[in-house]
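Enquirer: mmCIF, C-alpha atoms, saved as work_35.cif, coming up:
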data_protein
#
loop_
_atom_site.label_atom_id
_atom_site.label_comp_id
_atom_site.auth_asym_id
_atom_site.auth_seq_id
_atom_site.Cartn_x
_atom_site.Cartn_y
_atom_site.Cartn_z
CA MET A 1 16.64 42.36 53.45
CA VAL A 2 18.96 40.13 51.44
CA LYS A 3 21.36 42.15 49.35
CA VAL A 4 21.63 40.67 45.84
CA ARG A 5 25.11 41.30 44.55
CA PHE A 6 24.14 41.37 40.86
CA PRO A 7 20.45 42.30 40.79
CA LEU A 8 20.19 42.67 37.01
CA LEU A 9 21.81 39.26 36.46
CA ALA A 10 19.43 37.71 38.99
CA VAL A 11 16.44 39.20 37.20
CA LEU A 12 17.67 37.90 33.85
CA VAL A 13 18.21 34.37 35.24
CA ILE A 14 14.75 34.28 36.79
CA VAL A 15 13.09 35.54 33.61
CA ASN A 16 15.05 32.98 31.55
CA LEU A 17 14.08 30.10 33.84
CA TYR A 18 10.43 31.17 33.71
CA GLY A 19 10.51 31.15 29.92
CA CYS A 20 12.16 27.74 29.85
CA ARG A 21 9.52 25.97 31.94
CA ALA A 22 7.62 23.16 30.17
CA GLN A 23 5.33 24.59 27.50
CA PRO A 24 1.86 23.05 27.16
CA TYR A 25 1.71 20.33 24.48
CA VAL A 26 0.32 21.54 21.16
CA TRP A 27 -2.10 18.95 19.83
CA HIS A 28 -1.98 18.26 16.11
CA GLY A 29 -5.68 17.44 16.00
CA SER A 30 -8.52 19.75 17.02
CA PRO A 31 -8.27 19.82 20.81
CA TYR A 32 -11.41 20.16 22.89
CA ALA A 33 -11.22 23.43 24.80
CA ASP A 34 -12.46 21.93 28.04
CA PRO A 35 -11.90 18.16 27.90
CA ALA A 36 -14.77 16.33 29.53
CA PRO A 37 -15.39 12.62 30.16
CA ALA A 38 -16.00 10.98 26.79
CA PRO A 39 -19.66 10.06 26.15
CA GLY A 40 -20.41 6.39 26.74
CA LEU A 41 -21.70 4.10 23.99
CA SER A 42 -24.61 1.79 24.76
CA LEU A 43 -23.61 -0.67 22.08
CA SER A 44 -22.40 -4.26 21.80
CA ASP A 45 -19.18 -5.64 20.43
CA THR A 46 -18.51 -8.28 17.79
CA ALA A 47 -18.85 -11.03 20.40
CA GLY A 48 -22.33 -9.78 21.19
CA GLU A 49 -21.25 -8.47 24.60
CA PRO A 50 -22.35 -5.08 25.94
CA PHE A 51 -19.54 -2.57 25.56
CA GLU A 52 -18.46 -0.24 28.33
CA LEU A 53 -16.12 2.59 27.41
CA SER A 54 -15.03 2.75 31.04
CA SER A 55 -13.54 -0.75 30.66
CA LEU A 56 -10.85 0.88 28.53
CA ARG A 57 -9.86 3.35 31.26
CA GLY A 58 -6.07 3.34 31.48
CA SER A 59 -5.77 3.03 27.70
CA LEU A 60 -5.78 5.58 24.92
CA VAL A 61 -8.94 5.10 22.85
CA LEU A 62 -9.57 6.20 19.29
CA ILE A 63 -13.21 6.13 18.19
CA TYR A 64 -14.17 6.06 14.53
CA PHE A 65 -17.63 5.86 12.94
CA GLY A 66 -17.60 4.06 9.60
CA TYR A 67 -18.87 1.06 7.64
CA THR A 68 -17.34 -1.98 6.00
CA TYR A 69 -18.79 -1.36 2.52
CA CYS A 70 -16.75 1.86 2.37
CA PRO A 71 -13.97 1.42 -0.23
CA ASP A 72 -11.85 4.52 0.34
CA VAL A 73 -12.16 6.69 3.47
CA CYS A 74 -12.66 3.97 6.09
CA PRO A 75 -9.90 1.59 4.94
CA ALA A 76 -7.56 4.58 4.61
CA THR A 77 -8.29 5.73 8.16
CA LEU A 78 -8.12 2.27 9.72
CA GLY A 79 -4.90 1.65 7.82
CA ASP A 80 -3.45 4.86 9.26
CA VAL A 81 -4.41 3.83 12.79
CA ALA A 82 -3.06 0.30 12.30
CA ARG A 83 0.29 1.72 11.13
CA ALA A 84 0.35 4.15 14.09
CA MET A 85 -0.31 1.25 16.49
CA GLU A 86 2.63 -0.62 14.93
CA GLN A 87 4.85 2.40 15.52
CA LEU A 88 3.78 2.53 19.17
CA GLY A 89 5.46 -0.81 19.74
CA ALA A 90 4.96 -2.13 23.27
CA GLN A 91 2.76 0.84 24.17
CA ALA A 92 0.17 -0.36 21.66
CA GLN A 93 -1.17 -2.68 24.36
CA HIS A 94 -2.52 0.50 25.98
CA ALA A 95 -4.19 1.79 22.82
CA ARG A 96 -7.50 0.72 21.34
CA LEU A 97 -9.40 1.61 18.18
CA VAL A 98 -13.18 1.41 18.53
CA PHE A 99 -15.07 1.19 15.21
CA VAL A 100 -18.75 2.08 15.45
CA THR A 101 -20.76 1.09 12.41
CA VAL A 102 -22.99 3.57 10.64
CA ASP A 103 -24.44 0.67 8.60
CA PRO A 104 -25.89 -1.90 11.03
CA ASP A 105 -27.99 -3.56 8.30
CA ARG A 106 -24.94 -4.88 6.49
CA ASP A 107 -22.36 -4.74 9.30
CA SER A 108 -23.38 -7.75 11.36
CA PRO A 109 -20.96 -8.72 14.18
CA PRO A 110 -19.25 -11.44 12.07
CA VAL A 111 -18.86 -9.04 9.13
CA LEU A 112 -17.41 -6.39 11.44
CA ARG A 113 -15.00 -8.83 13.06
CA ARG A 114 -13.71 -10.18 9.74
CA TYR A 115 -13.25 -6.67 8.38
CA LEU A 116 -11.45 -5.31 11.44
CA ASP A 117 -9.19 -8.36 11.79
CA ALA A 118 -7.74 -7.56 8.38
CA PHE A 119 -6.37 -4.31 9.90
CA ASP A 120 -5.61 -5.24 13.51
CA GLY A 121 -7.06 -7.99 15.67
CA SER A 122 -7.24 -5.59 18.64
CA PHE A 123 -9.68 -3.24 16.89
CA ILE A 124 -13.07 -3.27 18.63
CA GLY A 125 -16.22 -3.28 16.51
CA LEU A 126 -19.52 -1.98 17.84
CA THR A 127 -23.07 -2.15 16.63
CA GLY A 128 -26.52 -1.86 18.16
CA THR A 129 -30.08 -0.81 17.51
CA ALA A 130 -30.72 2.07 15.13
CA GLY A 131 -31.69 4.20 18.12
CA ASP A 132 -28.60 3.42 20.15
CA LEU A 133 -26.33 4.01 17.16
CA GLU A 134 -28.06 7.32 16.46
CA ALA A 135 -27.56 8.31 20.11
CA ALA A 136 -23.87 7.38 19.90
CA ARG A 137 -23.42 9.49 16.78
CA ARG A 138 -25.21 12.42 18.35
CA ALA A 139 -23.04 12.20 21.46
CA TYR A 140 -19.93 12.61 19.31
CA GLY A 141 -21.39 15.06 16.81
CA VAL A 142 -21.21 12.55 13.99
CA LEU A 143 -23.60 12.62 11.03
CA ALA A 144 -24.41 9.67 8.77
CA GLU A 145 -26.76 9.39 5.83
CA GLN A 146 -27.56 6.47 3.58
CA GLU A 147 -27.34 7.52 -0.07
CA PRO A 148 -30.08 6.24 -2.39
CA HIS A 149 -29.02 3.55 -4.88
CA GLN A 150 -30.98 1.65 -7.51
CA ASP A 151 -29.53 -1.62 -6.21
CA GLY A 152 -30.93 -1.95 -2.70
CA GLU A 153 -27.88 -3.71 -1.35
CA ALA A 154 -25.19 -1.54 -2.93
CA TYR A 155 -25.84 1.80 -1.22
CA LEU A 156 -23.11 4.07 0.09
CA VAL A 157 -23.24 5.89 3.40
CA SER A 158 -21.99 9.44 3.76
CA HIS A 159 -20.62 10.05 7.22
CA THR A 160 -18.46 12.25 9.39
CA ALA A 161 -15.07 10.59 9.22
CA ARG A 162 -13.26 12.08 12.20
CA LEU A 163 -11.15 10.13 14.68
CA PHE A 164 -11.87 10.93 18.32
CA LEU A 165 -9.07 10.62 20.87
CA ILE A 166 -9.89 9.71 24.46
CA ASP A 167 -7.00 9.76 26.90
CA PRO A 168 -6.28 7.05 29.51
CA ASP A 169 -8.26 9.08 32.07
CA GLY A 170 -11.36 8.82 29.88
CA LEU A 171 -11.36 12.45 28.74
CA LEU A 172 -12.24 13.35 25.15
CA LYS A 173 -9.14 15.34 24.24
CA ALA A 174 -9.03 15.87 20.47
CA SER A 175 -10.48 14.89 17.12
CA TYR A 176 -8.85 14.48 13.73
CA PRO A 177 -10.29 15.09 10.26
CA PHE A 178 -9.89 12.53 7.50
CA GLY A 179 -6.44 12.75 5.99
CA THR A 180 -4.58 13.75 9.15
CA PRO A 181 -0.94 12.75 8.52
CA ARG A 182 0.00 9.55 10.29
CA ASP A 183 2.98 11.06 12.07
CA GLU A 184 0.79 13.79 13.58
CA LEU A 185 -1.69 11.24 14.88
CA LEU A 186 1.17 9.14 16.22
CA ALA A 187 2.73 12.14 18.00
CA ASP A 188 -0.57 12.88 19.76
CA MET A 189 -1.05 9.22 20.66
CA ARG A 190 2.45 9.10 22.15
CA HIS A 191 1.76 12.24 24.14
CA ALA A 192 -1.51 10.83 25.47
CA LEU A 193 0.35 7.67 26.56
CA GLU A 194 3.21 9.54 28.24
CA ASP A 195 2.05 8.87 31.77
CA VAL A 196 1.06 5.26 31.15
CA PRO A 197 3.82 2.93 32.43
CA MET B 1 22.50 -1.95 -41.19
CA MET B 2 18.88 -2.71 -42.11
CA ARG B 3 18.88 -5.76 -39.86
CA ARG B 4 20.20 -3.71 -36.99
CA LEU B 5 17.48 -1.10 -37.50
CA VAL B 6 14.79 -3.75 -37.66
CA THR B 7 16.14 -5.37 -34.48
CA LEU B 8 16.19 -2.02 -32.72
CA ALA B 9 12.67 -1.22 -33.88
CA ALA B 10 11.44 -4.63 -32.74
CA ALA B 11 13.13 -4.21 -29.37
CA ALA B 12 11.58 -0.76 -28.93
CA ALA B 13 8.15 -2.09 -29.89
CA ILE B 14 8.45 -4.98 -27.43
CA LEU B 15 9.61 -2.62 -24.68
CA LEU B 16 6.75 -0.20 -25.23
CA CYS B 17 4.10 -2.90 -25.54
CA GLY B 18 5.36 -4.89 -22.56
CA CYS B 19 5.52 -1.80 -20.41
CA GLY B 20 1.76 -1.50 -20.17
CA LEU B 21 2.13 1.79 -18.42
CA PHE B 22 2.24 3.98 -21.49
CA GLU B 23 -0.41 3.29 -24.06
CA GLN B 24 -1.97 5.56 -26.63
CA GLY B 25 -0.44 8.59 -24.92
CA ILE B 26 -1.80 7.68 -21.48
CA GLU B 27 0.87 7.32 -18.83
CA ILE B 28 0.04 5.58 -15.55
CA ASP B 29 2.46 6.02 -12.66
CA ASP B 30 2.66 4.39 -9.24
CA PRO B 31 -0.55 2.33 -9.35
CA TRP B 32 -1.59 0.50 -6.19
CA VAL B 33 -4.70 -1.11 -4.77
CA ARG B 34 -5.50 -1.63 -1.13
CA PRO B 35 -5.69 -5.26 0.13
CA ALA B 36 -9.21 -6.49 0.85
CA LEU B 37 -11.23 -9.64 1.44
CA ALA B 38 -13.29 -11.50 -1.11
CA GLY B 39 -16.80 -10.11 -1.26
CA SER B 40 -15.75 -6.72 0.02
CA ASN B 41 -14.80 -3.46 -1.66
CA THR B 42 -11.56 -1.67 -2.21
CA ALA B 43 -10.07 1.17 -4.23
CA ALA B 44 -7.22 1.55 -6.70
CA TYR B 45 -5.08 4.65 -7.00
CA PHE B 46 -2.53 5.97 -9.49
CA ARG B 47 -1.24 9.06 -11.24
CA LEU B 48 -2.47 9.51 -14.80
CA VAL B 49 -0.77 11.82 -17.28
CA ASN B 50 -2.31 12.37 -20.69
CA ARG B 51 0.61 12.82 -23.04
CA GLY B 52 -1.69 12.52 -26.02
CA ALA B 53 -4.58 14.60 -27.36
CA ASP B 54 -7.52 15.96 -25.34
CA ASP B 55 -9.49 13.03 -24.02
CA ARG B 56 -12.14 11.99 -21.50
CA LEU B 57 -12.05 9.08 -19.09
CA LEU B 58 -15.38 7.28 -19.33
CA GLY B 59 -15.02 4.39 -16.95
CA ALA B 60 -13.05 1.45 -15.63
CA VAL B 61 -13.19 -2.33 -15.78
CA ALA B 62 -11.60 -4.86 -13.44
CA LEU B 63 -12.30 -8.56 -13.80
CA VAL B 64 -11.47 -9.12 -10.14
CA ALA B 65 -14.58 -7.12 -9.10
CA SER B 66 -18.27 -7.39 -9.97
CA GLU B 67 -18.24 -3.70 -10.64
CA ALA B 68 -15.61 -1.03 -11.12
CA ALA B 69 -16.48 2.64 -11.17
CA ILE B 70 -14.67 5.94 -10.91
CA HIS B 71 -15.66 7.90 -7.84
CA ARG B 72 -14.52 11.07 -6.16
CA THR B 73 -14.54 11.32 -2.37
CA PHE B 74 -15.32 14.77 -1.04
CA MET B 75 -16.41 16.46 2.15
CA ASP B 76 -19.86 18.01 1.97
CA ALA B 77 -21.08 21.19 3.66
CA GLN B 78 -21.98 19.27 6.80
CA GLY B 79 -18.54 17.74 7.12
CA MET B 80 -19.62 14.29 5.97
CA MET B 81 -17.38 12.36 3.59
CA GLN B 82 -19.32 11.42 0.46
CA MET B 83 -18.50 9.65 -2.77
CA ALA B 84 -19.78 10.84 -6.13
CA GLU B 85 -19.65 8.62 -9.17
CA GLN B 86 -17.78 10.28 -12.02
CA GLU B 87 -19.48 9.46 -15.32
CA VAL B 88 -16.79 11.40 -17.13
CA VAL B 89 -13.42 12.70 -16.01
CA GLU B 90 -11.98 15.31 -18.35
CA ALA B 91 -8.38 14.52 -19.34
CA PRO B 92 -7.14 17.41 -21.50
CA ALA B 93 -3.84 17.04 -23.31
CA GLY B 94 -1.00 17.34 -20.82
CA ALA B 95 -3.28 16.98 -17.81
CA GLU B 96 -2.21 15.07 -14.73
CA LEU B 97 -4.99 13.37 -12.78
CA VAL B 98 -4.16 12.09 -9.32
CA PHE B 99 -6.19 9.18 -8.01
CA GLU B 100 -5.52 9.04 -4.27
CA PRO B 101 -7.21 8.19 -0.95
CA GLY B 102 -9.81 10.83 -0.18
CA GLY B 103 -10.03 11.91 -3.81
CA LEU B 104 -10.52 10.31 -7.19
CA HIS B 105 -10.32 6.53 -7.08
CA VAL B 106 -11.37 3.46 -9.01
CA MET B 107 -13.87 1.78 -6.72
CA LEU B 108 -13.83 -2.01 -6.95
CA LEU B 109 -16.99 -3.61 -5.62
CA ASN B 110 -17.58 -7.18 -4.53
CA LEU B 111 -14.16 -8.69 -5.09
CA SER B 112 -14.20 -12.22 -6.42
CA ARG B 113 -11.20 -13.18 -4.29
CA ASP B 114 -9.00 -11.87 -1.47
CA LEU B 115 -6.49 -9.28 -2.62
CA LEU B 116 -3.28 -10.03 -0.75
CA VAL B 117 -0.21 -7.82 -0.49
CA ASN B 118 2.27 -8.37 -3.35
CA GLU B 119 -0.31 -9.81 -5.72
CA ARG B 120 -1.25 -7.91 -8.86
CA ILE B 121 -4.57 -7.23 -10.51
CA SER B 122 -5.37 -5.76 -13.90
CA ILE B 123 -7.41 -2.62 -14.38
CA THR B 124 -8.62 -1.21 -17.68
CA LEU B 125 -9.48 2.46 -18.05
CA VAL B 126 -11.78 3.36 -20.91
CA PHE B 127 -11.11 6.62 -22.72
CA GLU B 128 -13.20 8.31 -25.36
CA LYS B 129 -10.25 8.73 -27.76
CA ALA B 130 -7.49 6.48 -26.43
CA GLY B 131 -9.86 3.58 -25.97
CA GLU B 132 -8.98 0.88 -23.47
CA VAL B 133 -5.80 1.29 -21.46
CA SER B 134 -4.89 -1.69 -19.31
CA PHE B 135 -2.26 -1.88 -16.62
CA ASP B 136 -1.16 -4.04 -13.72
CA VAL B 137 -1.81 -2.79 -10.23
CA PRO B 138 0.13 -4.22 -7.27
CA VAL B 139 -1.71 -4.86 -4.02
CA GLU B 140 -0.05 -2.69 -1.40
CA SER B 141 -0.71 -1.72 2.16
CA ARG B 142 0.19 1.97 2.36
#
What would you get if you wrote out this structure as structure tokens?
Expert:
Amino acid sequence: MVKVRFPLLAVLVIVNLYGCRAQPYVWHGSPYADPAPAPGLSLSDTAGEPFELSSLRGSLVLIYFGYTYCPDVCPATLGDVARAMEQLGAQAQHARLVFVTVDPDRDSPPVLRRYLDAFDGSFIGLTGTAGDLEAARRAYGVLAEQEPHQDGEAYLVSHTARLFLIDPDGLLKASYPFGTPRDELLADMRHALEDVP
Amino acid sequence: MMRRLVTLAAAAAILLCGCGLFEQGIEIDDPWVRPALAGSNTAAYFRLVNRGADDRLLGAVALVASEAAIHRTFMDAQGMMQMAEQEVVEAPAGAELVFEPGGLHVMLLNLSRDLLVNERISITLVFEKAGEVSFDVPVESR
């Protein structure tokens, strides 16, 4: 048996080292308790091409459901993400925002592209059939409802306005409510990109 | 002496009129409007302080948009973000109303031109007592 000269000191050192080991990262958003592969989206992009979420494996992906007629919540959120991408610097090449429309009647691919380009040319816009869009919303727990308006073309759409964060391994890790401070979102994005060279 | 007083009074009048941010007791601070493309929608935000008598905000006008309306964004019971048009916003004497993203805002629909950063637009708020209060709003990306 090895004789420890200063047993109490040894115990204290071991306890100290144990306490100093890397603590798990505390997400600013609402983390998913058991991160699972993010649900796919059977939708098409603004070039009319079928979109595969798996094609973004290796990148951090933020998914947002919104519409271009939205004057307040959607521009605010996309603006926040665009600013966060700027702060990422070179790492932004490994980050993508995917905008899924909740208003396919007005958000045609050209309308989506023009709208998204005003924020960041790398933002991906998705649309599809009513059924496929409904399925996408259901997969992410997103609700959307067209509000009645006397002018047929000027309706508003109420919708869940959360941002969903998918890590480079394709796992749905956290979601963020509208109004999440930019620096908190950025911190989580940086953490998710830590292992990406 | 009289000339000096008249000059001072004229200068004060010019300063107050030219300011545009303090009319009929209504003070508007830090206005800004988000950039947007022609044909699309955007929102203007500011801080409003009523330094006059009790009043009510009845609406807004902006020539740069087909329609301007005061809305309040809120989250409903199901967690969806909704916007409710505000026909009237109470502005009691001394009240401070904050128009900010996710809250009260002046919705500008169907812009007649692109709003580019560093440009300015004019917005007019219509009050029951104070009448029309106009002010410049810079286009800013915040």
Enquirer: Counting all atoms listed in the file, which residues from chain B have an atom at most 8 Å from any atom of chain A, and could you show them as a list in words?
Expert: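 Contact residues on the first chain: Ala36, Leu37, Ser40, Asn41, Thr42, Ala43, Thr73, Gly79, Met80, Met81, Gln82, Met83, Pro101, Gly102, His105, Met107, Leu108, Leu109, Ser141 and Arg142 of chain B.
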Enquirer: For the residues in the current selection, export C-alpha atoms as a compact mmCIF listing (two decimals), in the coordinates of the input.
Expert:
# COMPACT_ATOMS: atom_id res chain seq x y z
CA ALA B 36 -9.21 -6.49 0.85
CA LEU B 37 -11.23 -9.64 1.44
CA SER B 40 -15.75 -6.72 0.02
CA ASN B 41 -14.80 -3.46 -1.66
CA THR B 42 -11.56 -1.67 -2.21
CA ALA B 43 -10.07 1.17 -4.23
CA THR B 73 -14.54 11.32 -2.37
CA GLY B 79 -18.54 17.74 7.12
CA MET B 80 -19.62 14.29 5.97
CA MET B 81 -17.38 12.36 3.59
CA GLN B 82 -19.32 11.42 0.46
CA MET B 83 -18.50 9.65 -2.77
CA PRO B 101 -7.21 8.19 -0.95
CA GLY B 102 -9.81 10.83 -0.18
CA HIS B 105 -10.32 6.53 -7.08
CA MET B 107 -13.87 1.78 -6.72
CA LEU B 108 -13.83 -2.01 -6.95
CA LEU B 109 -16.99 -3.61 -5.62
CA SER B 141 -0.71 -1.72 2.16
CA ARG B 142 0.19 1.97 2.36
Enquirer: In Å, with one decimal, what is the gap from CA of Leu63 in chain B to CA of Ile123 in chain B?
Expert: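 Separation between CA of Leu63 in chain B and CA of Ile123 in chain B: 7.7 Å.
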Enquirer: Pull out every residue that the PyMOL selection byres ((chain B and resi 92) around 9) matches in the shown coordinates and put them as a PDB file with C-alpha atoms, in the coordinates of the input.
Expert:
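Wrote selection22.pdb, looks like this:
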ATOM      1  CA  ASN B  50      -2.310  12.370 -20.690  1.00  0.00           C
ATOM      2  CA  GLY B  52      -1.690  12.520 -26.020  1.00  0.00           C
ATOM      3  CA  ALA B  53      -4.580  14.600 -27.360  1.00  0.00           C
ATOM      4  CA  ASP B  54      -7.520  15.960 -25.340  1.00  0.00           C
ATOM      5  CA  ASP B  55      -9.490  13.030 -24.020  1.00  0.00           C
ATOM      6  CA  ARG B  56     -12.140  11.990 -21.500  1.00  0.00           C
ATOM      7  CA  GLU B  90     -11.980  15.310 -18.350  1.00  0.00           C
ATOM      8  CA  ALA B  91      -8.380  14.520 -19.340  1.00  0.00           C
ATOM      9  CA  ALA B  93      -3.840  17.040 -23.310  1.00  0.00           C
ATOM     10  CA  GLY B  94      -1.000  17.340 -20.820  1.00  0.00           C
ATOM     11  CA  ALA B  95      -3.280  16.980 -17.810  1.00  0.00           C
ATOM     12  CA  GLU B  96      -2.210  15.070 -14.730  1.00  0.00           C
TER      13      GLU B  96
END
Enquirer: So which one's closest to Ser55 in chain A, A:Arg182, A:Arg5, A:His28, A:Arg96? Using all atoms listed in the file, please.
Expert: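 When distances to Ser55 in chain A are compared using all atoms listed in the file, the smallest one comes from A:Arg96.
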Enquirer: What does the structure give for the distance between CA of Ala95 in chain A and CA of Leu62 in chain A, in Å to one decimal?
Expert: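 Computing the Euclidean distance for CA of Ala95 in chain A and CA of Leu62 in chain A yields 7.8 Å.
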Enquirer: For Thr129 in chain A, work out the shell of residues within 12 Å, counting only C-alpha atoms and skipping chain neighbours fewer than 2 positions away, then give it as an mmCIF file with C-alpha atoms, keeping the file's coordinate frame.
Expert:
data_model
loop_
_atom_site.group_PDB
_atom_site.id
_atom_site.type_symbol
_atom_site.label_atom_id
_atom_site.label_comp_id
_atom_site.auth_asym_id
_atom_site.auth_seq_id
_atom_site.Cartn_x
_atom_site.Cartn_y
_atom_site.Cartn_z
ATOM 1 C CA LEU A 41 -21.700 4.100 23.990
ATOM 2 C CA SER A 42 -24.610 1.790 24.760
ATOM 3 C CA LEU A 43 -23.610 -0.670 22.080
ATOM 4 C CA SER A 44 -22.400 -4.260 21.800
ATOM 5 C CA VAL A 100 -18.750 2.080 15.450
ATOM 6 C CA THR A 101 -20.760 1.090 12.410
ATOM 7 C CA VAL A 102 -22.990 3.570 10.640
ATOM 8 C CA ASP A 103 -24.440 0.670 8.600
ATOM 9 C CA PRO A 104 -25.890 -1.900 11.030
ATOM 10 C CA ASP A 105 -27.990 -3.560 8.300
ATOM 11 C CA ASP A 107 -22.360 -4.740 9.300
ATOM 12 C CA SER A 108 -23.380 -7.750 11.360
ATOM 13 C CA LEU A 126 -19.520 -1.980 17.840
ATOM 14 C CA THR A 127 -23.070 -2.150 16.630
ATOM 15 C CA GLY A 131 -31.690 4.200 18.120
ATOM 16 C CA ASP A 132 -28.600 3.420 20.150
ATOM 17 C CA LEU A 133 -26.330 4.010 17.160
ATOM 18 C CA GLU A 134 -28.060 7.320 16.460
ATOM 19 C CA ALA A 135 -27.560 8.310 20.110
ATOM 20 C CA ALA A 136 -23.870 7.380 19.900
#
Enquirer: Around (3.0, -0.6, 24.6), as given in the file, which residues come within 12 Å? Count all atoms listed in the file and list them as a list of chain:residue names.
Expert: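 Within the cut-off we find A:Ser59, A:Leu60, A:Ala84, A:Met85, A:Glu86, A:Gln87, A:Leu88, A:Gly89, A:Ala90, A:Gln91, A:Ala92, A:Gln93, A:His94, A:Ala95, A:Arg96, A:Met189, A:Arg190, A:Leu193, A:Glu194, A:Asp195, A:Val196, A:Pro197.
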Enquirer: To verify the selection step, state as a PyMOL selection string which residues the PyMOL selection byres ((chain B and resi 45) around 8) yields on this input.
Expert: chain B and resi 31-33+43-44+46-47+98-101+104-106
Enquirer: Just want the 10 Å neighbourhood of Thr124 in chain B, counted on all atoms listed in the file, with same-chain residues fewer than 2 positions away dropped. Output as an MDAnalysis selection string.
Expert: chainID B and resid 59:63 68 122 126:127 131:136
Enquirer: What is the CA of Arg137 in chain A to CA of Phe99 in chain A distance in Å?
Expert: 11.9 Å
Enquirer: May I have the residues within 7 Å of Tyr32 in chain A as an NGL selection string, using all atoms listed in the file and disregarding those fewer than 3 positions away in the same chain?
Expert: :A and (35 or 173-174)
Enquirer: So what does the PyMOL selection byres ((chain B and resi 111) around 6) actually pick up in this one, as a VMD selection string?
Expert: chain B and resid 38 to 40 64 to 65 109 to 110 112 to 113
Enquirer: Restricting the calculation to all atoms listed in the file, which member of A:Leu53, A:Phe6, A:Leu116, A:His191 is positioned closest to Pro24 in chain A?
Expert: A:His191
